[in-house]
file input.csv (CSV, C-alpha atoms)
chain,number,residue,atom,x,y,z
O,1,MET,CA,107.4,84.0,112.0
O,2,ARG,CA,106.7,87.6,113.1
O,3,SER,CA,104.5,89.1,115.8
O,4,ARG,CA,104.3,92.1,118.1
O,5,THR,CA,104.3,89.7,121.0
O,6,SER,CA,107.6,88.4,122.3
O,7,LYS,CA,106.5,84.8,122.9
O,8,PHE,CA,103.4,82.6,122.3
O,9,GLU,CA,102.7,79.4,124.2
O,10,PHE,CA,100.2,76.7,123.1
O,11,ASP,CA,99.1,73.6,124.9
O,12,ILE,CA,97.8,71.4,122.1
O,13,THR,CA,97.6,68.2,124.0
O,14,ASN,CA,93.8,67.8,123.8
O,15,ASP,CA,93.8,68.7,120.1
O,16,CYS,CA,96.4,66.1,119.3
O,17,LYS,CA,94.7,63.4,121.4
O,18,ILE,CA,91.7,63.8,119.1
O,19,PHE,CA,93.5,62.3,116.2
O,20,LEU,CA,96.0,60.2,118.2
O,21,SER,CA,93.0,58.3,119.6
O,22,GLN,CA,91.8,57.3,116.1
O,23,PRO,CA,93.0,53.9,114.9
O,24,ASP,CA,92.8,55.1,111.3
O,25,TYR,CA,95.5,57.7,112.0
O,26,TYR,CA,98.2,55.0,112.3
O,27,GLN,CA,97.3,53.6,108.9
O,28,LYS,CA,97.6,57.0,107.1
O,29,LYS,CA,99.6,56.9,103.8
O,30,VAL,CA,99.9,60.7,103.8
O,31,LYS,CA,102.9,61.5,106.0
O,32,PHE,CA,105.1,64.4,106.4
O,33,ASP,CA,108.9,64.3,106.5
O,34,THR,CA,110.3,61.3,108.3
O,35,GLN,CA,108.1,58.2,108.1
O,36,HIS,CA,109.2,55.9,110.9
O,37,SER,CA,106.1,54.0,111.9
O,38,TYR,CA,104.6,54.3,115.4
O,39,ASP,CA,101.5,52.8,116.8
O,40,GLN,CA,98.7,53.8,119.2
O,41,ALA,CA,100.4,52.1,122.1
O,42,PHE,CA,103.4,54.4,121.6
O,43,ALA,CA,101.2,57.5,121.3
O,44,SER,CA,99.3,56.6,124.4
O,45,LEU,CA,102.4,57.2,126.5
O,46,ILE,CA,102.2,60.9,125.7
O,47,ASP,CA,101.1,63.1,128.6
O,48,ARG,CA,101.5,66.6,127.2
O,49,ILE,CA,102.3,68.4,123.9
O,50,SER,CA,103.1,72.1,123.8
O,51,ILE,CA,104.6,74.6,121.4
O,52,VAL,CA,106.4,77.8,122.3
O,53,ILE,CA,107.0,80.3,119.5
O,54,HIS,CA,109.6,83.0,119.8
O,55,PRO,CA,108.8,85.3,116.8
O,56,PHE,CA,112.0,87.3,117.0
O,57,THR,CA,115.5,85.9,117.7
O,58,SER,CA,117.3,88.9,116.2
O,59,ALA,CA,116.5,92.6,115.9
O,60,PRO,CA,116.8,94.6,112.7
O,61,MET,CA,120.1,96.4,112.3
O,62,SER,CA,121.5,94.4,115.3
O,63,ASN,CA,124.5,92.1,115.6
O,64,THR,CA,123.0,90.2,118.5
O,65,HIS,CA,121.2,86.9,118.2
O,66,GLU,CA,119.2,85.3,120.9
O,67,ALA,CA,118.4,81.8,119.4
O,68,ASN,CA,121.1,79.9,121.3
O,69,THR,CA,120.3,81.8,124.5
O,70,LEU,CA,116.6,80.8,124.2
O,71,VAL,CA,117.5,77.2,123.5
O,72,ILE,CA,119.6,77.0,126.6
O,73,GLN,CA,116.6,78.4,128.6
O,74,GLU,CA,114.3,75.8,127.1
O,75,ILE,CA,116.5,72.7,127.1
O,76,GLY,CA,119.5,73.4,129.3
O,77,PRO,CA,123.1,74.3,128.6
O,78,PHE,CA,124.6,71.0,127.5
O,79,LYS,CA,128.0,72.6,128.3
O,80,GLU,CA,130.1,69.7,127.0
O,81,PHE,CA,128.2,69.4,123.8
O,82,GLU,CA,128.0,73.0,122.5
O,83,HIS,CA,129.4,71.8,119.2
O,84,ILE,CA,126.1,69.9,118.7
O,85,ILE,CA,124.1,73.1,119.5
O,86,HIS,CA,126.2,75.0,116.9
O,87,ARG,CA,125.4,72.3,114.3
O,88,GLY,CA,121.8,73.1,114.9
O,89,ASN,CA,122.4,76.2,112.8
O,90,LEU,CA,120.1,78.3,114.9
O,91,ARG,CA,122.3,81.4,114.4
O,92,LEU,CA,120.5,81.9,111.1
O,93,ALA,CA,117.0,81.4,112.4
O,94,LYS,CA,114.6,84.4,112.2
O,95,GLY,CA,112.4,82.9,114.9
O,96,LEU,CA,112.3,79.9,117.1
O,97,ALA,CA,109.7,77.2,117.7
O,98,VAL,CA,110.1,74.8,120.6
O,99,ILE,CA,108.0,71.7,120.6
O,100,THR,CA,107.9,69.8,123.9
O,101,VAL,CA,106.5,66.3,124.2
O,102,GLU,CA,106.2,64.9,127.7
O,103,PHE,CA,105.9,61.1,127.7
O,104,GLN,CA,106.2,58.0,129.9
O,105,GLY,CA,108.9,55.5,129.4
O,106,ASP,CA,112.1,54.2,130.9
O,107,TYR,CA,114.9,54.5,128.4
O,108,THR,CA,118.7,54.4,128.6
O,109,TYR,CA,119.9,57.1,126.2
O,110,THR,CA,122.6,56.7,123.6
O,111,GLU,CA,125.6,58.7,124.9
O,112,ASN,CA,126.4,62.0,123.2
O,113,LEU,CA,130.0,62.2,122.0
O,114,ARG,CA,132.4,65.0,122.7
O,115,THR,CA,134.3,66.5,119.8
O,116,SER,CA,137.4,64.4,120.5
O,117,GLU,CA,135.2,61.2,120.5
O,118,GLU,CA,133.4,61.7,117.2
O,119,THR,CA,136.0,59.8,115.2
O,120,ASP,CA,136.1,56.9,117.6
O,121,ILE,CA,134.4,54.1,115.7
O,122,GLU,CA,133.5,52.0,118.7
O,123,LYS,CA,131.9,55.0,120.5
O,124,MET,CA,130.1,56.1,117.3
O,125,MET,CA,128.5,52.7,117.0
O,126,ASN,CA,127.6,52.3,120.7
O,127,TRP,CA,123.9,52.9,120.3
O,128,ASP,CA,121.1,51.9,122.6
O,129,MET,CA,118.7,50.4,120.1
O,130,ASP,CA,115.5,50.8,122.1
O,131,PHE,CA,116.3,54.5,122.5
O,132,GLU,CA,117.2,54.9,118.8
O,133,ASP,CA,113.9,53.3,117.8
O,134,MET,CA,112.0,55.6,120.2
O,135,ARG,CA,113.9,58.6,118.9
O,136,ARG,CA,113.0,57.9,115.3
O,137,LYS,CA,109.3,57.3,116.2
O,138,MET,CA,109.3,60.6,118.2
O,139,ILE,CA,110.8,62.5,115.3
O,140,SER,CA,108.1,61.2,112.9
O,141,LEU,CA,105.4,62.0,115.4
O,142,VAL,CA,106.6,65.5,116.1
O,143,SER,CA,106.9,66.1,112.4
O,144,ASP,CA,103.3,65.2,111.9
O,145,ILE,CA,102.2,67.4,114.9
O,146,CYS,CA,104.1,70.3,113.5
O,147,SER,CA,102.4,69.9,110.2
O,148,PHE,CA,99.0,69.8,111.9
O,149,PHE,CA,99.8,73.0,113.9
O,150,LEU,CA,101.2,74.7,110.8
O,151,LEU,CA,98.0,74.1,108.9
O,152,GLY,CA,96.1,75.7,111.8
O,153,LEU,CA,98.4,78.7,111.6
O,154,HIS,CA,97.9,79.2,107.9
O,155,ILE,CA,94.1,78.9,108.1
O,156,THR,CA,94.1,81.5,110.9
O,157,TYR,CA,96.8,83.8,109.5
O,158,PRO,CA,96.5,84.0,105.7
O,159,THR,CA,99.3,86.5,105.3
O,160,HIS,CA,101.4,87.7,102.3
O,161,ASN,CA,105.2,88.1,102.2
O,162,ASN,CA,107.6,89.4,99.5
O,163,SER,CA,110.9,87.7,100.5
O,164,HIS,CA,110.4,84.5,98.5
O,165,GLU,CA,113.5,83.4,96.5
O,166,SER,CA,115.4,86.3,98.1
O,167,PHE,CA,117.2,84.3,100.8
O,168,LYS,CA,118.9,81.0,101.2
O,169,PRO,CA,116.7,78.1,102.4
O,170,GLN,CA,116.5,78.0,106.2
O,171,SER,CA,117.2,74.6,107.7
O,172,SER,CA,118.0,74.3,111.4
O,173,GLY,CA,116.9,72.5,114.5
O,174,LEU,CA,117.8,70.5,117.6
O,175,LEU,CA,116.4,67.5,119.3
O,176,SER,CA,116.9,66.9,123.0
O,177,PHE,CA,115.7,64.3,125.5
O,178,SER,CA,115.8,64.6,129.3
O,179,GLY,CA,114.8,62.1,132.0
O,180,ASN,CA,117.2,59.3,132.8
O,181,GLY,CA,120.0,61.5,131.6
O,182,GLU,CA,120.3,63.9,128.7
O,183,TYR,CA,120.7,63.6,125.0
O,184,ILE,CA,121.0,66.1,122.2
O,185,MET,CA,121.4,66.0,118.4
O,186,ASP,CA,121.1,68.3,115.5
O,187,GLU,CA,117.9,67.6,113.6
O,188,HIS,CA,117.3,70.1,110.7
O,189,SER,CA,114.0,71.0,109.2
O,190,ASP,CA,112.6,74.0,107.3
O,191,ILE,CA,109.0,73.6,108.8
O,192,PHE,CA,107.8,76.8,110.5
O,193,SER,CA,110.2,78.9,108.5
O,194,TYR,CA,107.5,80.2,106.2
O,195,PRO,CA,106.9,83.9,107.1
O,196,LEU,CA,103.7,84.4,109.1
O,197,LEU,CA,102.4,87.4,111.0
O,198,ILE,CA,100.9,86.1,114.2
O,199,GLU,CA,98.5,88.6,115.8
O,200,GLU,CA,97.3,88.1,119.3
O,201,ASP,CA,93.7,89.2,118.7
O,202,ARG,CA,93.4,86.2,116.3
O,203,LEU,CA,94.4,83.6,118.8
O,204,PRO,CA,90.8,82.6,119.7
O,205,ALA,CA,90.3,81.8,116.0
O,206,LEU,CA,93.3,79.5,116.1
O,207,THR,CA,92.0,77.9,119.3
O,208,ALA,CA,88.7,77.2,117.4
O,209,VAL,CA,90.4,75.9,114.2
O,210,LEU,CA,92.8,73.4,115.7
O,211,PRO,CA,90.1,71.0,117.1
O,212,GLN,CA,88.3,71.2,113.8
O,213,ILE,CA,91.4,70.1,111.9
O,214,ALA,CA,92.1,67.5,114.5
O,215,GLN,CA,88.8,65.8,113.8
O,216,VAL,CA,89.8,65.1,110.2
O,217,TRP,CA,93.6,64.8,110.6
O,218,HIS,CA,93.5,61.0,110.9
O,219,LYS,CA,92.2,60.8,107.3
O,220,ASN,CA,94.3,60.5,104.2
O,221,ILE,CA,93.6,64.0,102.9
O,222,TRP,CA,96.0,64.6,100.1
O,223,SER,CA,95.0,68.2,99.9
O,224,PHE,CA,96.6,68.9,103.3
O,225,TYR,CA,99.9,67.3,102.2
O,226,ARG,CA,100.1,69.2,98.9
O,227,PHE,CA,99.2,72.5,100.5
O,228,LEU,CA,101.7,72.2,103.3
O,229,LYS,CA,104.4,71.3,100.8
O,230,GLY,CA,103.8,74.7,99.1
O,231,VAL,CA,103.8,76.8,102.3
O,232,ARG,CA,106.2,75.4,104.9
O,233,SER,CA,109.5,76.9,103.9
O,234,ASP,CA,110.8,80.5,103.6
O,235,TYR,CA,112.4,79.5,100.2
O,236,ILE,CA,109.5,79.5,97.7
O,237,THR,CA,110.0,78.7,94.0
O,238,ILE,CA,107.8,77.9,91.0
O,239,ASP,CA,107.6,74.3,92.4
O,240,ASN,CA,105.7,75.6,95.4
O,241,PHE,CA,103.3,77.4,93.1
O,242,LEU,CA,102.7,74.1,91.4
O,243,ASP,CA,102.1,72.5,94.7
O,244,LEU,CA,99.3,75.0,95.3
O,245,MET,CA,97.9,74.3,91.9
O,246,PHE,CA,97.9,70.6,92.6
O,247,THR,CA,96.2,71.4,95.9
O,248,LEU,CA,93.4,73.2,94.1
O,249,GLU,CA,93.0,70.3,91.6
O,250,SER,CA,92.9,67.7,94.4
O,251,PHE,CA,89.5,69.1,95.5
O,252,TYR,CA,87.9,67.8,92.3
O,253,ASP,CA,87.3,64.5,90.7
O,254,ASN,CA,89.4,63.2,87.8
O,255,ASN,CA,88.7,64.8,84.4
O,256,THR,CA,86.9,67.8,86.0
O,257,SER,CA,87.3,70.6,83.5
O,258,THR,CA,89.3,73.7,84.5
O,259,GLU,CA,86.1,75.8,83.8
O,260,ILE,CA,84.2,73.8,86.4
O,261,MET,CA,87.1,74.1,88.9
O,262,LYS,CA,87.2,77.9,88.4
O,263,LEU,CA,83.4,78.3,88.7
O,264,VAL,CA,82.9,76.1,91.8
O,265,SER,CA,85.9,77.5,93.6
O,266,SER,CA,84.9,81.1,93.0
O,267,VAL,CA,81.2,80.5,94.0
O,268,ILE,CA,82.2,78.7,97.2
O,269,VAL,CA,84.6,81.5,98.4
O,270,ALA,CA,83.2,84.7,96.9
O,271,GLU,CA,80.8,87.0,98.8
O,272,ASN,CA,79.6,88.7,95.7
O,273,LYS,CA,79.8,88.7,91.9
O,274,ALA,CA,82.8,91.0,91.9
O,275,ASP,CA,84.7,88.7,94.2
O,276,ALA,CA,83.8,85.7,92.0
O,277,LYS,CA,85.1,87.5,88.9
O,278,LYS,CA,88.4,88.3,90.6
O,279,ILE,CA,88.9,84.7,91.7
O,280,GLN,CA,88.1,83.4,88.2
O,281,GLU,CA,90.6,85.9,86.7
O,282,LEU,CA,93.2,84.7,89.2
O,283,LEU,CA,92.6,81.1,88.3
O,284,ASN,CA,92.8,81.9,84.6
O,285,TYR,CA,96.3,83.1,85.0
O,286,CYS,CA,97.2,80.3,87.5
O,287,PHE,CA,96.2,77.6,85.1
O,288,ARG,CA,98.0,79.3,82.2
O,289,VAL,CA,101.3,79.3,84.1
O,290,ARG,CA,100.7,75.8,85.4
O,291,ASN,CA,100.1,74.5,81.9
O,292,GLU,CA,103.0,76.2,80.3
O,293,VAL,CA,105.3,74.8,83.0
O,294,ALA,CA,103.8,71.3,83.0
O,295,HIS,CA,103.2,70.9,79.3
O,296,GLY,CA,105.3,73.5,77.5
O,297,GLY,CA,108.5,73.1,79.4
O,298,THR,CA,108.6,76.8,80.2
O,299,ASN,CA,110.9,77.8,83.0
O,300,TYR,CA,109.4,80.5,85.2
O,301,ARG,CA,110.6,82.2,88.3
O,302,LEU,CA,108.2,83.7,90.8
O,303,TYR,CA,109.4,87.2,89.9
O,304,ASP,CA,108.7,86.7,86.2
O,305,TYR,CA,105.6,88.3,84.7
O,306,VAL,CA,102.5,86.4,83.8
O,307,PRO,CA,102.2,85.9,80.1
O,308,LYS,CA,99.2,87.9,78.8
O,309,LYS,CA,97.0,87.6,75.7
O,310,GLN,CA,96.5,90.5,73.4
O,311,SER,CA,92.8,90.8,74.5
O,312,GLU,CA,93.8,91.0,78.2
O,313,PRO,CA,94.9,94.0,80.3
O,314,GLN,CA,98.6,94.6,79.6
O,315,ASP,CA,99.5,95.6,83.1
O,316,LYS,CA,102.5,93.7,84.4
O,317,LEU,CA,101.5,91.0,86.9
O,318,LEU,CA,104.2,89.0,88.8
O,319,ILE,CA,103.7,85.3,89.2
O,320,ILE,CA,104.5,85.8,92.9
O,321,LYS,CA,101.2,87.6,93.2
O,322,LEU,CA,99.4,84.6,91.8
O,323,TYR,CA,101.1,82.5,94.4
O,324,TRP,CA,99.8,84.7,97.2
O,325,GLY,CA,96.3,84.8,95.8
O,326,LEU,CA,96.3,81.1,95.2
O,327,LYS,CA,97.6,80.3,98.7
O,328,ASN,CA,94.8,82.3,100.3
O,329,LEU,CA,92.2,80.9,98.0
O,330,ASN,CA,93.3,77.3,98.9
O,331,ILE,CA,93.2,78.2,102.6
O,332,GLN,CA,89.5,79.2,102.3
O,333,LEU,CA,88.7,76.1,100.3
O,334,ILE,CA,90.5,73.8,102.7
O,335,TYR,CA,88.6,75.3,105.7
O,336,HIS,CA,85.3,75.0,103.8
O,337,GLY,CA,86.2,71.4,103.0
O,338,ILE,CA,87.0,70.6,106.6
O,339,LEU,CA,83.6,72.0,107.7
O,340,LYS,CA,82.0,70.0,104.9
O,341,ILE,CA,83.5,66.8,106.1
O,342,LEU,CA,82.5,67.5,109.7
O,343,ASN,CA,78.9,68.3,108.7
O,344,ASP,CA,78.6,65.2,106.4
O,345,LYS,CA,78.7,62.1,108.5
O,346,ASN,CA,79.2,59.9,105.4
O,347,PRO,CA,81.4,62.0,103.1
O,348,THR,CA,82.2,60.6,99.6
O,349,PRO,CA,85.0,59.9,99.2
O,350,ALA,CA,85.6,59.3,102.9
O,351,SER,CA,89.2,60.7,103.1
O,352,SER,CA,89.2,63.6,100.7
O,353,ILE,CA,87.9,67.1,100.4
O,354,ARG,CA,85.8,67.0,97.3
O,355,PHE,CA,83.9,69.8,95.6
O,356,GLY,CA,81.5,69.8,92.6
O,357,ILE,CA,78.5,71.5,91.0
O,358,SER,CA,76.4,70.5,94.0
O,359,ASP,CA,78.4,72.9,96.1
O,360,ILE,CA,77.0,75.8,94.0
O,361,SER,CA,73.5,74.9,94.9
O,362,ASP,CA,74.4,74.4,98.5
O,363,LYS,CA,75.8,77.9,98.5
O,364,CYS,CA,72.9,79.5,96.7
O,365,PHE,CA,70.0,77.6,98.3
O,366,ILE,CA,70.4,77.1,102.0

call {"tool": "encode", "arguments": {"input": "input.csv", "output": "structure tokens"}}
result
Amino acid sequence: MRSRTSKFEFDITNDCKIFLSQPDYYQKKVKFDTQHSYDQAFASLIDRISIVIHPFTSAPMSNTHEANTLVIQEIGPFKEFEHIIHRGNLRLAKGLAVITVEFQGDYTYTENLRTSEETDIEKMMNWDMDFEDMRRKMISLVSDICSFFLLGLHITYPTHNNSHESFKPQSSGLLSFSGNGEYIMDEHSDIFSYPLLIEEDRLPALTAVLPQIAQVWHKNIWSFYRFLKGVRSDYITIDNFLDLMFTLESFYDNNTSTEIMKLVSSVIVAENKADAKKIQELLNYCFRVRNEVAHGGTNYRLYDYVPKKQSEPQDKLLIIKLYWGLKNLNIQLIYHGILKILNDKNPTPASSIRFGISDISDKCFI
């Protein structure tokens, strides 16, 4: 993530408690990353949830890297266990996100092992099972909270980037506990590695968006899952483009024609006829690439050109540009869908964003 500001701090406790207080949240089938179950009694022990984002951990044309220094400032030095910090792979991180969960509980932590102890079978198996169960629950909970916050970031900052497929996938991370002792382990993830430009003047918009998302986060909204699969990592391939296509299709009933999808999507988002025409043209190309990959077995990369018909403009259009346009179109549709659910006290279906012809009349006749 990038920004002109050195650090951002967010207290999202109240936002998270909106969905953590919903019994349906704990029955969700749509889950992100690890899926160790936790219940409302466990979540009720949480006092505070905060996220700190350090957009820069290294400067261009510089050999210095501040990630490990920032980690020590946030969680402490763990001097005897620096080998675990190194396994966190933070030296490759372009930015750093620190998620802090303050919670009640009296646990005896599993002991960390020094380098010389990591081959000792007895010490390796000396787990505190209550702590291990809590640790897995916390990882699952934090993964979901990160996904919730990431959706808010994407809705607020629908940015473009041109580095997809150019770098190795970024996967890094550490997990630490402090209280009745200290515990640290490497826990890798690529979430938050998608490039975003966070601008300070848009922070009020993020503050407004998060509680809106929170009011529907307890629902099994498949569109959220598919969208976040496509926009969570800095390593984007044609598979992520397909995730965005599946996101678009998830807004519509089974057997809805592509023409209806293109028409309704363009009318919902467009401010004028010219905008609607551009959106329909974008979706024409997107569906073409999607169909050739899904049905024709064609292997595309994002930096390949979109196949054109003889009757179409023969300018060269990269598939990566379709990805950007489709991403931001989905962002607008997702936000429109969230507001639609919030305004409809009895949405049908209850746990989906669903669009159809009626949305055209809603847009045209207020």

call {"tool": "residues_around", "arguments": {"input": "input.csv", "residues": "region 124-132 of chain O", "least_positions_apart": "5", "cutoff": "9 Å", "atoms": "only C-alpha atoms", "output": "number ranges by chain"}}
result
O: 107-111, 113, 117-119, 137

call {"tool": "closest_residue", "arguments": {"input": "input.csv", "among": "O:Thr156, O:Ser351, O:Ser223, O:Ser147", "to": "Asp190 (chain O)", "atoms": "only C-alpha atoms"}}
result
O:Ser147

call {"tool": "residues_around", "arguments": {"input": "input.csv", "residues": "region 301-304 of chain O", "least_positions_apart": "5", "cutoff": "12 Å", "atoms": "all atoms listed in the file", "output": "list in words"}}
result
Asn162, Ser163, His164, Glu165, Ser166, Tyr235, Ile236, Thr237, Ile238, Asp239, Asn240, Phe241, Leu242, Cys286, Val289, Val293, Lys316, Leu317, Leu318, Ile319, Ile320, Lys321, Leu322, Tyr323 and Trp324 of chain O

call {"tool": "residues_near_point", "arguments": {"input": "input.csv", "point": "(93.7, 60.3, 113.1)", "cutoff": "10 Å", "atoms": "only C-alpha atoms", "output": "list in words"}}
result
Cys16, Lys17, Ile18, Phe19, Leu20, Ser21, Gln22, Pro23, Asp24, Tyr25, Tyr26, Gln27, Lys28, Ala214, Gln215, Val216, Trp217, His218, Lys219 and Asn220 of chain O

call {"tool": "write_last_selection", "arguments": {"input": "input.csv", "atoms": "C-alpha atoms", "output": "compact mmCIF listing (two decimals), in the frame of the given file"}}
result
# COMPACT_ATOMS: atom_id res chain seq x y z
CA CYS O 16 96.40 66.10 119.30
CA LYS O 17 94.70 63.40 121.40
CA ILE O 18 91.70 63.80 119.10
CA PHE O 19 93.50 62.30 116.20
CA LEU O 20 96.00 60.20 118.20
CA SER O 21 93.00 58.30 119.60
CA GLN O 22 91.80 57.30 116.10
CA PRO O 23 93.00 53.90 114.90
CA ASP O 24 92.80 55.10 111.30
CA TYR O 25 95.50 57.70 112.00
CA TYR O 26 98.20 55.00 112.30
CA GLN O 27 97.30 53.60 108.90
CA LYS O 28 97.60 57.00 107.10
CA ALA O 214 92.10 67.50 114.50
CA GLN O 215 88.80 65.80 113.80
CA VAL O 216 89.80 65.10 110.20
CA TRP O 217 93.60 64.80 110.60
CA HIS O 218 93.50 61.00 110.90
CA LYS O 219 92.20 60.80 107.30
CA ASN O 220 94.30 60.50 104.20

call {"tool": "residues_near_point", "arguments": {"input": "input.csv", "point": "(119.6, 75.0, 113.8)", "cutoff": "9 Å", "atoms": "all atoms listed in the file", "output": "VMD selection string"}}
result
chain O and resid 67 85 to 93 170 to 174 186 to 189

call {"tool": "residues_around", "arguments": {"input": "input.csv", "residues": "Asn328 (chain O)", "least_positions_apart": "4", "cutoff": "8 Å", "atoms": "only C-alpha atoms", "output": "ChimeraX atom specification"}}
result
/O:158-159,324,332

call {"tool": "closest_residue", "arguments": {"input": "input.csv", "among": "O:Cys146, O:Ile268, O:Ala41, O:Ile155", "to": "Ser193 (chain O)", "atoms": "all atoms listed in the file"}}
result
O:Cys146

call {"tool": "atom_distance", "arguments": {"input": "input.csv", "atom1": "CA of Asn284 (chain O)", "atom2": "CA of Ala270 (chain O)"}}
result
15.9 Å

call {"tool": "atom_distance", "arguments": {"input": "input.csv", "atom1": "CA of Asp15 (chain O)", "atom2": "CA of Val101 (chain O)"}}
result
13.6 Å

call {"tool": "residues_around", "arguments": {"input": "input.csv", "residues": "Ile357 (chain O)", "least_positions_apart": "3", "cutoff": "9 Å", "atoms": "only C-alpha atoms", "output": "PyMOL selection string"}}
result
chain O and resi 260+263-264+360-361

call {"tool": "atom_distance", "arguments": {"input": "input.csv", "atom1": "CA of Leu333 (chain O)", "atom2": "CA of Lys29 (chain O)"}}
result
22.4 Å

call {"tool": "residues_around", "arguments": {"input": "input.csv", "residues": "Glu312 (chain O)", "least_positions_apart": "6", "cutoff": "12 Å", "atoms": "all atoms listed in the file", "output": "tab-separated table (two decimals) with C-alpha atoms, in the frame of the given file"}}
result
chain	number	residue	atom	x	y	z
O	281	GLU	CA	90.60	85.90	86.70
O	284	ASN	CA	92.80	81.90	84.60
O	285	TYR	CA	96.30	83.10	85.00
O	306	VAL	CA	102.50	86.40	83.80

call {"tool": "closest_residue", "arguments": {"input": "input.csv", "among": "O:Asp234, O:Asp144, O:Asp120, O:Glu182", "to": "His160 (chain O)", "atoms": "only C-alpha atoms"}}
result
O:Asp234

call {"tool": "closest_residue", "arguments": {"input": "input.csv", "among": "O:Lys327, O:His336, O:His54, O:Lys31", "to": "Gly230 (chain O)", "atoms": "all atoms listed in the file"}}
result
O:Lys327

call {"tool": "closest_residue", "arguments": {"input": "input.csv", "among": "O:Leu141, O:Glu122, O:Gly297, O:Glu102", "to": "Asp39 (chain O)", "atoms": "all atoms listed in the file"}}
result
O:Leu141
